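For reference, model08.cif is printed below; it contains mmCIF, C-alpha atoms.
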```cif
data_data
#
loop_
_atom_site.label_atom_id
_atom_site.label_comp_id
_atom_site.auth_asym_id
_atom_site.auth_seq_id
_atom_site.Cartn_x
_atom_site.Cartn_y
_atom_site.Cartn_z
CA MET A 198 162.90 118.68 109.41
CA SER A 199 161.78 118.41 105.80
CA GLU A 200 161.28 121.46 103.60
CA THR A 201 157.97 123.28 104.04
CA SER A 202 157.95 124.92 100.60
CA PHE A 203 158.60 123.82 97.05
CA THR A 204 159.55 125.89 94.02
CA LEU A 205 157.16 124.91 91.24
CA ARG A 206 159.00 127.17 88.83
CA PRO A 207 161.47 130.04 89.37
CA GLY A 208 159.67 132.77 91.29
CA TYR A 209 156.68 130.63 92.23
CA SER A 210 156.72 128.56 95.44
CA ILE A 211 154.00 126.57 97.19
CA SER A 212 153.61 124.82 100.54
CA ARG A 213 154.50 121.12 100.40
CA VAL A 214 151.12 120.29 101.89
CA ILE A 215 148.26 121.80 99.92
CA ARG A 216 144.90 122.27 101.62
CA GLY A 217 142.34 120.39 99.53
CA GLY A 218 138.99 122.03 98.89
CA TRP A 219 136.62 119.30 97.76
CA GLN A 220 135.40 118.60 101.30
CA LEU A 221 134.02 122.15 101.39
CA ALA A 222 131.67 121.38 98.52
CA GLY A 223 128.98 119.96 100.78
CA GLY A 224 129.31 116.27 100.03
CA HIS A 225 130.09 115.54 103.68
CA GLY A 226 127.25 117.62 105.15
CA ALA A 227 126.19 121.24 105.33
CA ILE A 228 128.99 123.81 105.24
CA ASP A 229 129.12 126.69 107.74
CA LYS A 230 130.84 129.27 105.53
CA ALA A 231 131.99 131.51 108.38
CA GLN A 232 133.54 128.53 110.14
CA ALA A 233 135.06 127.29 106.89
CA ILE A 234 136.76 130.66 106.39
CA ASP A 235 138.15 130.60 109.94
CA ASP A 236 139.38 127.04 109.31
CA LEU A 237 141.21 128.19 106.17
CA ILE A 238 142.86 130.98 108.14
CA ALA A 239 143.95 128.45 110.76
CA ALA A 240 145.46 126.30 108.02
CA PHE A 241 147.30 129.34 106.65
CA ASP A 242 148.69 130.11 110.11
CA ALA A 243 149.87 126.50 110.38
CA GLY A 244 151.90 126.86 107.19
CA LEU A 245 149.45 125.51 104.62
CA THR A 246 149.61 128.54 102.35
CA THR A 247 148.48 126.80 99.14
CA TYR A 248 144.87 125.79 98.44
CA ASP A 249 143.37 123.46 95.85
CA CYS A 250 139.88 123.93 94.42
CA ALA A 251 138.00 123.58 91.12
CA ASP A 252 135.28 125.09 89.01
CA ILE A 253 133.23 121.95 89.74
CA TYR A 254 133.51 122.11 93.56
CA THR A 255 130.21 123.79 94.37
CA GLY A 256 130.77 127.01 96.32
CA VAL A 257 134.41 126.33 97.14
CA GLU A 258 136.00 129.02 94.96
CA GLU A 259 133.66 131.56 96.58
CA ILE A 260 134.66 130.41 100.08
CA ILE A 261 138.35 130.70 99.25
CA GLY A 262 137.72 134.12 97.73
CA ALA A 263 136.03 135.23 100.95
CA PHE A 264 138.91 133.77 102.97
CA ARG A 265 141.45 135.75 100.95
CA ALA A 266 139.39 138.92 101.41
CA LYS A 267 139.15 138.43 105.18
CA LEU A 268 142.87 137.73 105.42
CA ALA A 269 143.61 140.94 103.51
CA GLN A 270 141.22 142.92 105.69
CA THR A 271 142.54 141.58 109.01
CA ARG A 272 146.23 140.97 108.25
CA GLY A 273 146.95 143.21 105.28
CA ALA A 274 147.31 142.75 101.54
CA ASP A 275 150.95 141.68 101.85
CA VAL A 276 149.97 138.72 104.03
CA ALA A 277 147.05 137.76 101.77
CA ALA A 278 149.43 137.83 98.81
CA LYS A 279 151.22 134.80 100.32
CA VAL A 280 148.14 132.67 99.61
CA LYS A 281 148.41 130.54 96.47
CA VAL A 282 145.21 129.16 94.96
CA HIS A 283 145.28 126.26 92.50
CA THR A 284 141.98 125.77 90.72
CA LYS A 285 140.91 123.32 88.01
CA MET A 286 139.00 123.51 84.78
CA VAL A 287 136.95 120.36 84.26
CA PRO A 288 134.68 120.60 81.20
CA ASP A 289 131.71 118.26 81.32
CA LEU A 290 131.91 115.18 79.12
CA ASP A 291 129.03 116.62 77.10
CA VAL A 292 131.06 119.78 76.37
CA LEU A 293 134.13 118.04 74.96
CA PRO A 294 132.94 117.72 71.32
CA LYS A 295 132.17 121.46 71.12
CA ILE A 296 134.73 123.08 73.42
CA SER A 297 135.87 126.53 72.31
CA LYS A 298 138.22 129.29 73.38
CA ALA A 299 135.19 131.30 74.51
CA TYR A 300 134.15 128.43 76.80
CA VAL A 301 137.65 128.12 78.27
CA GLU A 302 137.96 131.85 78.83
CA GLY A 303 134.49 131.91 80.35
CA ILE A 304 135.48 129.31 82.95
CA VAL A 305 138.69 131.22 83.74
CA ASP A 306 136.74 134.48 84.11
CA GLN A 307 134.23 132.71 86.36
CA SER A 308 137.06 131.46 88.62
CA LEU A 309 138.58 134.95 88.72
CA ARG A 310 135.26 136.40 89.91
CA ARG A 311 134.63 133.70 92.47
CA LEU A 312 138.15 133.84 93.89
CA ARG A 313 138.28 137.66 93.73
CA MET A 314 141.60 137.51 91.93
CA GLU A 315 143.08 139.48 89.05
CA ARG A 316 145.17 136.51 87.96
CA LEU A 317 144.80 132.80 88.72
CA ASN A 318 147.93 131.29 90.25
CA LEU A 319 147.50 127.89 88.58
CA VAL A 320 144.80 126.39 86.37
CA GLN A 321 144.86 122.57 86.23
CA PHE A 322 143.06 121.23 83.17
CA HIS A 323 141.24 117.89 83.10
CA TRP A 324 139.84 116.07 80.03
CA TRP A 325 137.53 113.08 80.39
CA ASP A 326 137.80 111.35 77.01
CA TYR A 327 140.74 111.42 74.58
CA GLY A 328 138.34 110.26 71.89
CA PHE A 329 137.44 113.93 71.57
CA SER A 330 140.41 115.78 70.11
CA GLY A 331 140.00 119.27 71.58
CA TRP A 332 142.19 118.75 74.63
CA LEU A 333 145.36 120.08 73.01
CA ASP A 334 143.51 123.10 71.62
CA ALA A 335 142.20 123.79 75.13
CA PHE A 336 145.72 123.69 76.56
CA GLY A 337 146.73 126.15 73.83
CA TRP A 338 143.90 128.51 74.78
CA LEU A 339 144.94 128.33 78.44
CA GLU A 340 148.48 129.24 77.39
CA GLU A 341 147.11 132.20 75.44
CA LEU A 342 145.26 133.30 78.58
CA ARG A 343 148.49 132.92 80.54
CA GLN A 344 150.27 135.16 78.08
CA ALA A 345 147.38 137.65 78.35
CA GLY A 346 147.88 137.81 82.12
CA LYS A 347 144.76 136.03 83.35
CA ILE A 348 146.71 132.93 84.45
CA GLU A 349 150.13 132.70 86.09
CA ASN A 350 150.78 128.98 85.53
CA VAL A 351 149.23 126.19 83.46
CA GLY A 352 149.03 122.64 84.75
CA GLY A 353 147.01 119.50 84.18
CA THR A 354 145.06 116.89 86.09
CA ASN A 355 145.04 113.16 85.36
CA PHE A 356 146.73 113.26 81.95
CA ASP A 357 148.72 110.13 81.09
CA SER A 358 152.30 109.96 79.84
CA GLU A 359 151.44 109.94 76.12
CA HIS A 360 149.28 113.04 76.35
CA VAL A 361 151.62 114.93 78.68
CA ALA A 362 154.39 114.30 76.13
CA ALA A 363 152.16 115.76 73.40
CA VAL A 364 151.43 118.86 75.48
CA LEU A 365 155.13 119.42 76.06
CA LYS A 366 155.92 118.84 72.40
CA ALA A 367 153.35 121.50 71.51
CA GLY A 368 155.37 123.99 73.54
CA ILE A 369 152.92 124.43 76.42
CA PRO A 370 155.01 125.36 79.52
CA LEU A 371 153.37 122.83 81.82
CA VAL A 372 154.50 123.33 85.43
CA SER A 373 152.58 120.53 87.16
CA MET A 374 150.36 117.49 86.82
CA GLN A 375 147.93 116.61 89.58
CA VAL A 376 147.64 112.83 89.90
CA GLN A 377 146.44 110.12 92.24
CA TYR A 378 149.63 108.88 93.88
CA SER A 379 150.06 107.09 97.19
CA VAL A 380 151.72 104.16 98.90
CA LEU A 381 148.82 102.11 97.47
CA ASP A 382 148.72 103.58 93.96
CA ASN A 383 152.05 103.94 92.15
CA ARG A 384 150.75 104.38 88.60
CA PRO A 385 152.74 107.63 88.11
CA GLU A 386 155.86 105.44 88.26
CA HIS A 387 154.73 103.64 85.08
CA GLY A 388 156.18 106.38 82.88
CA LEU A 389 154.87 109.77 83.92
CA ALA A 390 157.30 110.41 86.78
CA ALA A 391 160.35 109.94 84.53
CA LEU A 392 158.82 112.11 81.79
CA ALA A 393 157.95 114.80 84.31
CA ALA A 394 161.42 114.76 85.84
CA ALA A 395 163.04 115.13 82.42
CA ASN A 396 160.88 118.15 81.58
CA GLY A 397 160.68 120.06 84.86
CA VAL A 398 157.06 119.11 85.54
CA SER A 399 156.20 118.54 89.20
CA LEU A 400 153.61 116.07 90.46
CA LEU A 401 150.95 117.27 92.90
CA CYS A 402 149.48 114.23 94.61
CA TYR A 403 145.93 113.62 95.70
CA GLY A 404 144.74 110.44 97.38
CA SER A 405 147.81 110.20 99.62
CA VAL A 406 145.57 108.95 102.45
CA ALA A 407 143.22 107.03 100.10
CA GLY A 408 140.05 108.75 101.21
CA GLY A 409 140.84 107.95 104.85
CA PHE A 410 141.69 104.27 104.42
CA LEU A 411 145.34 105.03 105.18
CA SER A 412 144.65 105.83 108.83
CA ASP A 413 144.73 104.27 112.28
CA LYS A 414 140.96 103.80 112.03
CA TRP A 415 141.35 100.90 109.59
CA LEU A 416 144.24 99.05 111.27
CA GLY A 417 143.10 95.66 112.53
CA VAL A 418 139.59 96.10 111.12
CA ASP A 419 137.77 93.44 109.10
CA GLU A 420 137.33 94.11 105.41
CA PRO A 421 134.20 96.25 104.87
CA GLU A 422 131.38 95.02 102.69
CA MET A 423 130.34 96.94 99.59
CA PRO A 424 128.67 99.28 98.97
CA LEU A 425 130.52 101.74 101.18
CA GLU A 426 129.07 104.97 102.55
CA ASN A 427 130.36 107.28 99.82
CA ARG A 428 131.90 107.21 96.36
CA SER A 429 135.33 108.26 97.63
CA LEU A 430 135.63 105.22 99.89
CA THR A 431 134.35 102.96 97.12
CA LYS A 432 136.95 104.36 94.72
CA TYR A 433 139.87 103.79 97.08
CA LYS A 434 138.63 100.35 98.17
CA LEU A 435 138.99 99.32 94.52
CA ILE A 436 142.60 100.52 94.64
CA ILE A 437 143.18 98.44 97.78
CA ASP A 438 141.79 95.40 95.95
CA ASP A 439 144.16 96.05 93.04
CA PHE A 440 147.10 96.65 95.40
CA GLY A 441 146.84 93.12 96.71
CA GLY A 442 143.75 92.84 98.87
CA TRP A 443 142.83 93.52 102.47
CA GLY A 444 145.53 91.29 103.97
CA LEU A 445 148.41 93.06 102.25
CA PHE A 446 146.75 96.40 102.98
CA GLN A 447 146.77 95.54 106.68
CA GLU A 448 150.48 94.75 106.49
CA LEU A 449 151.06 98.16 104.91
CA LEU A 450 149.07 99.86 107.67
CA ARG A 451 151.14 98.02 110.28
CA ALA A 452 154.39 99.16 108.67
CA LEU A 453 153.13 102.76 108.54
CA LYS A 454 152.06 102.47 112.20
CA ASN A 455 155.51 101.21 113.22
CA VAL A 456 157.16 104.14 111.48
CA GLY A 457 154.62 106.55 112.93
CA ASP A 458 155.27 105.30 116.46
CA ARG A 459 158.94 106.19 116.03
CA HIS A 460 158.00 109.73 114.99
CA GLY A 461 155.05 110.31 117.29
CA ALA A 462 152.77 110.55 114.28
CA ASP A 463 149.71 108.72 112.98
CA ILE A 464 149.41 106.50 109.91
CA ALA A 465 147.88 109.21 107.70
CA THR A 466 150.71 111.62 108.45
CA ILE A 467 153.38 109.04 107.61
CA ALA A 468 151.59 107.95 104.42
CA SER A 469 151.63 111.55 103.15
CA ALA A 470 155.14 112.29 104.42
CA TYR A 471 156.42 109.27 102.50
CA MET A 472 155.00 110.69 99.26
CA LEU A 473 157.02 113.88 99.78
CA THR A 474 160.16 111.73 99.50
CA ARG A 475 159.27 110.54 95.99
CA PRO A 476 161.17 112.07 93.06
CA THR A 477 159.24 114.76 91.13
CA VAL A 478 156.61 115.14 93.88
CA GLY A 479 156.17 118.80 94.73
CA ALA A 480 153.33 118.53 97.24
CA VAL A 481 150.53 116.38 98.60
CA ILE A 482 146.94 117.61 98.59
CA VAL A 483 145.04 116.76 101.76
CA GLY A 484 141.51 117.58 102.83
CA ALA A 485 140.46 118.77 106.25
CA ARG A 486 137.03 118.94 107.85
CA ASN A 487 138.01 121.23 110.72
CA GLN A 488 140.84 123.25 112.24
CA ALA A 489 142.24 120.33 114.23
CA HIS A 490 142.47 118.23 111.07
CA ALA A 491 144.23 121.07 109.23
CA LEU A 492 146.74 121.49 112.06
CA ALA A 493 147.43 117.76 112.00
CA ASN A 494 148.06 117.94 108.26
CA ALA A 495 150.68 120.62 108.81
CA LYS A 496 152.71 118.06 110.79
CA ILE A 497 153.35 116.18 107.55
CA MET A 498 155.96 118.81 106.66
CA ALA A 499 157.75 118.30 109.99
CA ILE A 500 158.46 114.60 109.39
CA THR A 501 161.83 113.47 108.06
CA LEU A 502 161.80 109.75 107.27
CA SER A 503 165.02 107.79 107.66
CA ASP A 504 166.25 105.22 105.17
CA ALA A 505 165.13 102.54 107.62
CA ASP A 506 161.65 104.06 107.81
CA LYS A 507 161.31 104.07 104.04
CA ALA A 508 162.71 100.55 103.73
CA GLU A 509 160.09 99.18 106.14
CA ILE A 510 157.26 100.73 104.12
CA GLU A 511 158.76 99.74 100.77
CA ALA A 512 159.20 96.11 101.84
CA VAL A 513 155.42 95.79 101.87
CA MET A 514 154.92 97.93 98.76
CA ALA A 515 157.30 95.67 96.83
CA ARG A 516 154.74 92.86 97.11
CA ARG A 517 151.98 94.85 95.43
CA GLN A 518 150.04 93.35 92.53
CA GLY A 519 148.76 96.65 91.09
CA PRO A 520 147.03 98.85 90.16
CA GLU A 521 148.25 98.54 86.61
CA GLY A 522 148.36 100.99 83.72
CA ASP A 523 149.10 104.65 83.19
CA ILE A 524 147.55 107.68 84.87
CA TYR A 525 143.75 107.50 85.06
CA THR A 526 143.51 104.70 82.48
CA LEU A 527 141.31 102.61 84.77
CA GLU A 528 139.03 105.55 85.54
CA ARG A 529 138.61 106.45 81.85
CA ASP A 530 137.11 103.02 81.10
CA ARG A 531 133.49 103.92 81.75
CA SER A 532 132.43 100.26 81.63
CA GLY A 533 135.10 99.07 84.08
CA ARG A 534 135.11 98.70 87.87
CA HIS A 535 136.80 102.07 88.40
CA GLY A 536 135.19 104.12 85.65
CA SER A 537 131.62 103.00 86.23
CA ILE A 538 131.44 104.86 89.56
CA MET A 539 132.71 108.18 88.16
CA HIS A 540 130.56 111.24 87.50
CA TYR A 541 131.47 112.77 84.14
CA ASN A 542 129.20 115.81 84.05
CA LEU A 543 129.99 117.71 87.24
CA ASN A 544 129.10 121.32 86.59
CA ASP A 545 125.52 120.64 87.69
CA GLY A 546 126.76 120.81 91.29
CA ARG A 547 127.83 117.23 91.89
CA HIS A 548 131.45 116.47 92.76
#
```
Just give me the structure of the file as structure tokens.
Amino acid sequence: MSETSFTLRPGYSISRVIRGGWQLAGGHGAIDKAQAIDDLIAAFDAGLTTYDCADIYTGVEEIIGAFRAKLAQTRGADVAAKVKVHTKMVPDLDVLPKISKAYVEGIVDQSLRRLRMERLNLVQFHWWDYGFSGWLDAFGWLEELRQAGKIENVGGTNFDSEHVAAVLKAGIPLVSMQVQYSVLDNRPEHGLAALAAANGVSLLCYGSVAGGFLSDKWLGVDEPEMPLENRSLTKYKLIIDDFGGWGLFQELLRALKNVGDRHGADIATIASAYMLTRPTVGAVIVGARNQAHALANAKIMAITLSDADKAEIEAVMARRQGPEGDIYTLERDRSGRHGSIMHYNLNDGRH
């Protein structure tokens, strides 16, 4: 059995599967908050003790705060203390030219109130456009807030190798970088993974199931026509196109299915379990719409892939054509295929 926890830094450990929070923001239908809280407790009981959210995920920090409070009330404060919450700070594109320490501290204070915490476990900072120079100042302000006791750890989201190197050079003790990383999308291997490994920075991976494309549902299915039903599917379909197209994608699904059959697991579980074998990867972040989905996600940590399993998957991956570039470079090009579908001002409730 693979390890179920990962030490992000000495004295701070997380579950290797992190429960994603964006699906609780309402984009997939109305959210029953009481049920959502019970679902989070079920995930905790299954071993998913770490939760990912963001200031821009409408209502999600409040739900996780209520979940922590219920856990403390019903199980005790010592049990609730085992919960780790990773939130994000994502300033709107319009804010970037005028960002200030007061703004950064205001977002941190807002997250503290919503989550009902005295100190945030991890704040992951995202910056839309490097053309605005305040990103390094903002990291510095987060570090000041860490030293003041409002934040336990500082991390980032979607920063490329050049800018991660600058953050490290500035002396910011970066513990993690959250990036899109999957059997389809290996852009972290274009420089960031080696930099992270050399500096003790762990990668936290989202997109390990490509919005649901890496699942049994899509094996043997004809290529869907655009537009797709939501922006998430559209985004990951573009990655499939870059990877090598629908035919090569089907070969990858078949390889994942073969491996899964040997382990009694589905394609999505194997796709995420494979990512836990990659150097510098601390955890995968997976969403769940209900308790059954959360319990299935917990099985990822129970899979130990053999060399033969990995070789079968990698034989298909070796024939990939892309995607090319560094972390988030495609998405930052607002006129390109990937960037044109992004929403850059998210604090109005969109996600």
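Across the chains present, the PyMOL selection byres ((chain A and resi 481) around 7) applied to this file returns A:Arg213, A:Val214, A:Ile215, A:Leu401, A:Cys402, A:Tyr403, A:Ser405, A:Ser469, A:Ala480, A:Ile482, A:Val483.
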Applied to this file, what does the PyMOL selection byres ((chain A and resi 484) around 12) return in terms of residues, put as an MDAnalysis selection string? chainID A and resid 214:222 225 236:237 240 245 248:250 402:409 465 469 481:483 485:495
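With distances restricted to all atoms listed in the file, A:Glu386 is the closest residue to A:Gly522 from A:Lys298, A:Arg343, A:Glu386, A:Gly244.
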Could you tell me which residues the PyMOL selection byres ((chain A and resi 438-445) around 12) grabs in this file, written as a PyMOL selection string? chain A and resi 379-384+410+415-422+431-437+446-452+510+512-522+527+534-535
List as a PyMOL selection string the protein and nucleic acid residues near A:Gln375, meaning an atom at most 12 Å away when all atoms listed in the file are counted, but skip any in the same chain fewer than 3 places from it. chain A and resi 215+249-250+283-285+319-323+351-357+361+371-372+378+385+389-390+393+398-405+477-482+524-525
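Separating atom CA of A:Val305 from atom CA of A:Glu259 is a distance of 13.8 Å.
The coordinates place atom CA of A:Phe329 at 17.5 Å from atom CA of A:Ser358.
The smallest atom-to-atom distance between A:Arg428 and any of A:Lys366, A:Arg459, A:Lys347, A:His540, using all atoms listed in the file, is found for A:His540.
Going from atom CA of A:Trp325 to atom CA of A:Leu290 covers 6.1 Å.
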Nearest residue to A:Gly346 out of A:Arg475, A:Arg316, A:Lys454, A:His360, using all atoms listed in the file? A:Arg316
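The shortest atom-to-atom distance to A:Arg311, with all atoms listed in the file taken into account, belongs to A:Ile260 out of A:Ile260, A:Leu333, A:Leu205, A:Val456.
Of the residues under consideration (A:Val376, A:Val292, A:Ile211, A:Met539), A:Val292 shows the shortest atom-to-atom contact distance to A:Ala335 when counting all atoms listed in the file.
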Near stretch 271-281 of chain A, 12 Å: stretch 302-410 of chain A residue rows, closest pairs, all atoms listed in the file, as CSV:
```
residue,atom,partner,partner_atom,distance
A:Leu312,CA,A:Lys281,CA,11.1
A:Arg313,CA,A:Ala277,CA,11.9
A:Met314,CA,A:Ala278,CA,10.4
A:Glu315,CA,A:Ala278,CA,11.8
A:Arg316,CA,A:Lys281,CA,10.9
A:Leu317,CA,A:Lys281,CA,8.8
A:Asn318,CA,A:Lys281,CA,6.3
A:Leu319,CA,A:Lys281,CA,8.4
A:Val320,CA,A:Lys281,CA,11.5
A:Glu349,CA,A:Lys281,CA,10.7
A:Asn350,CA,A:Lys281,CA,11.3
```
Please define a box with edges along x, y and z of the file around all atoms of stretch 206-209 of chain A given in the file, extend it by 4 Å on each side, and return its centre and edge lengths in Å to one decimal, as lines of an AutoDock Vina configuration file.
```
center_x = 159.1
center_y = 130.0
center_z = 90.5
size_x = 12.8
size_y = 13.6
size_z = 11.4
```
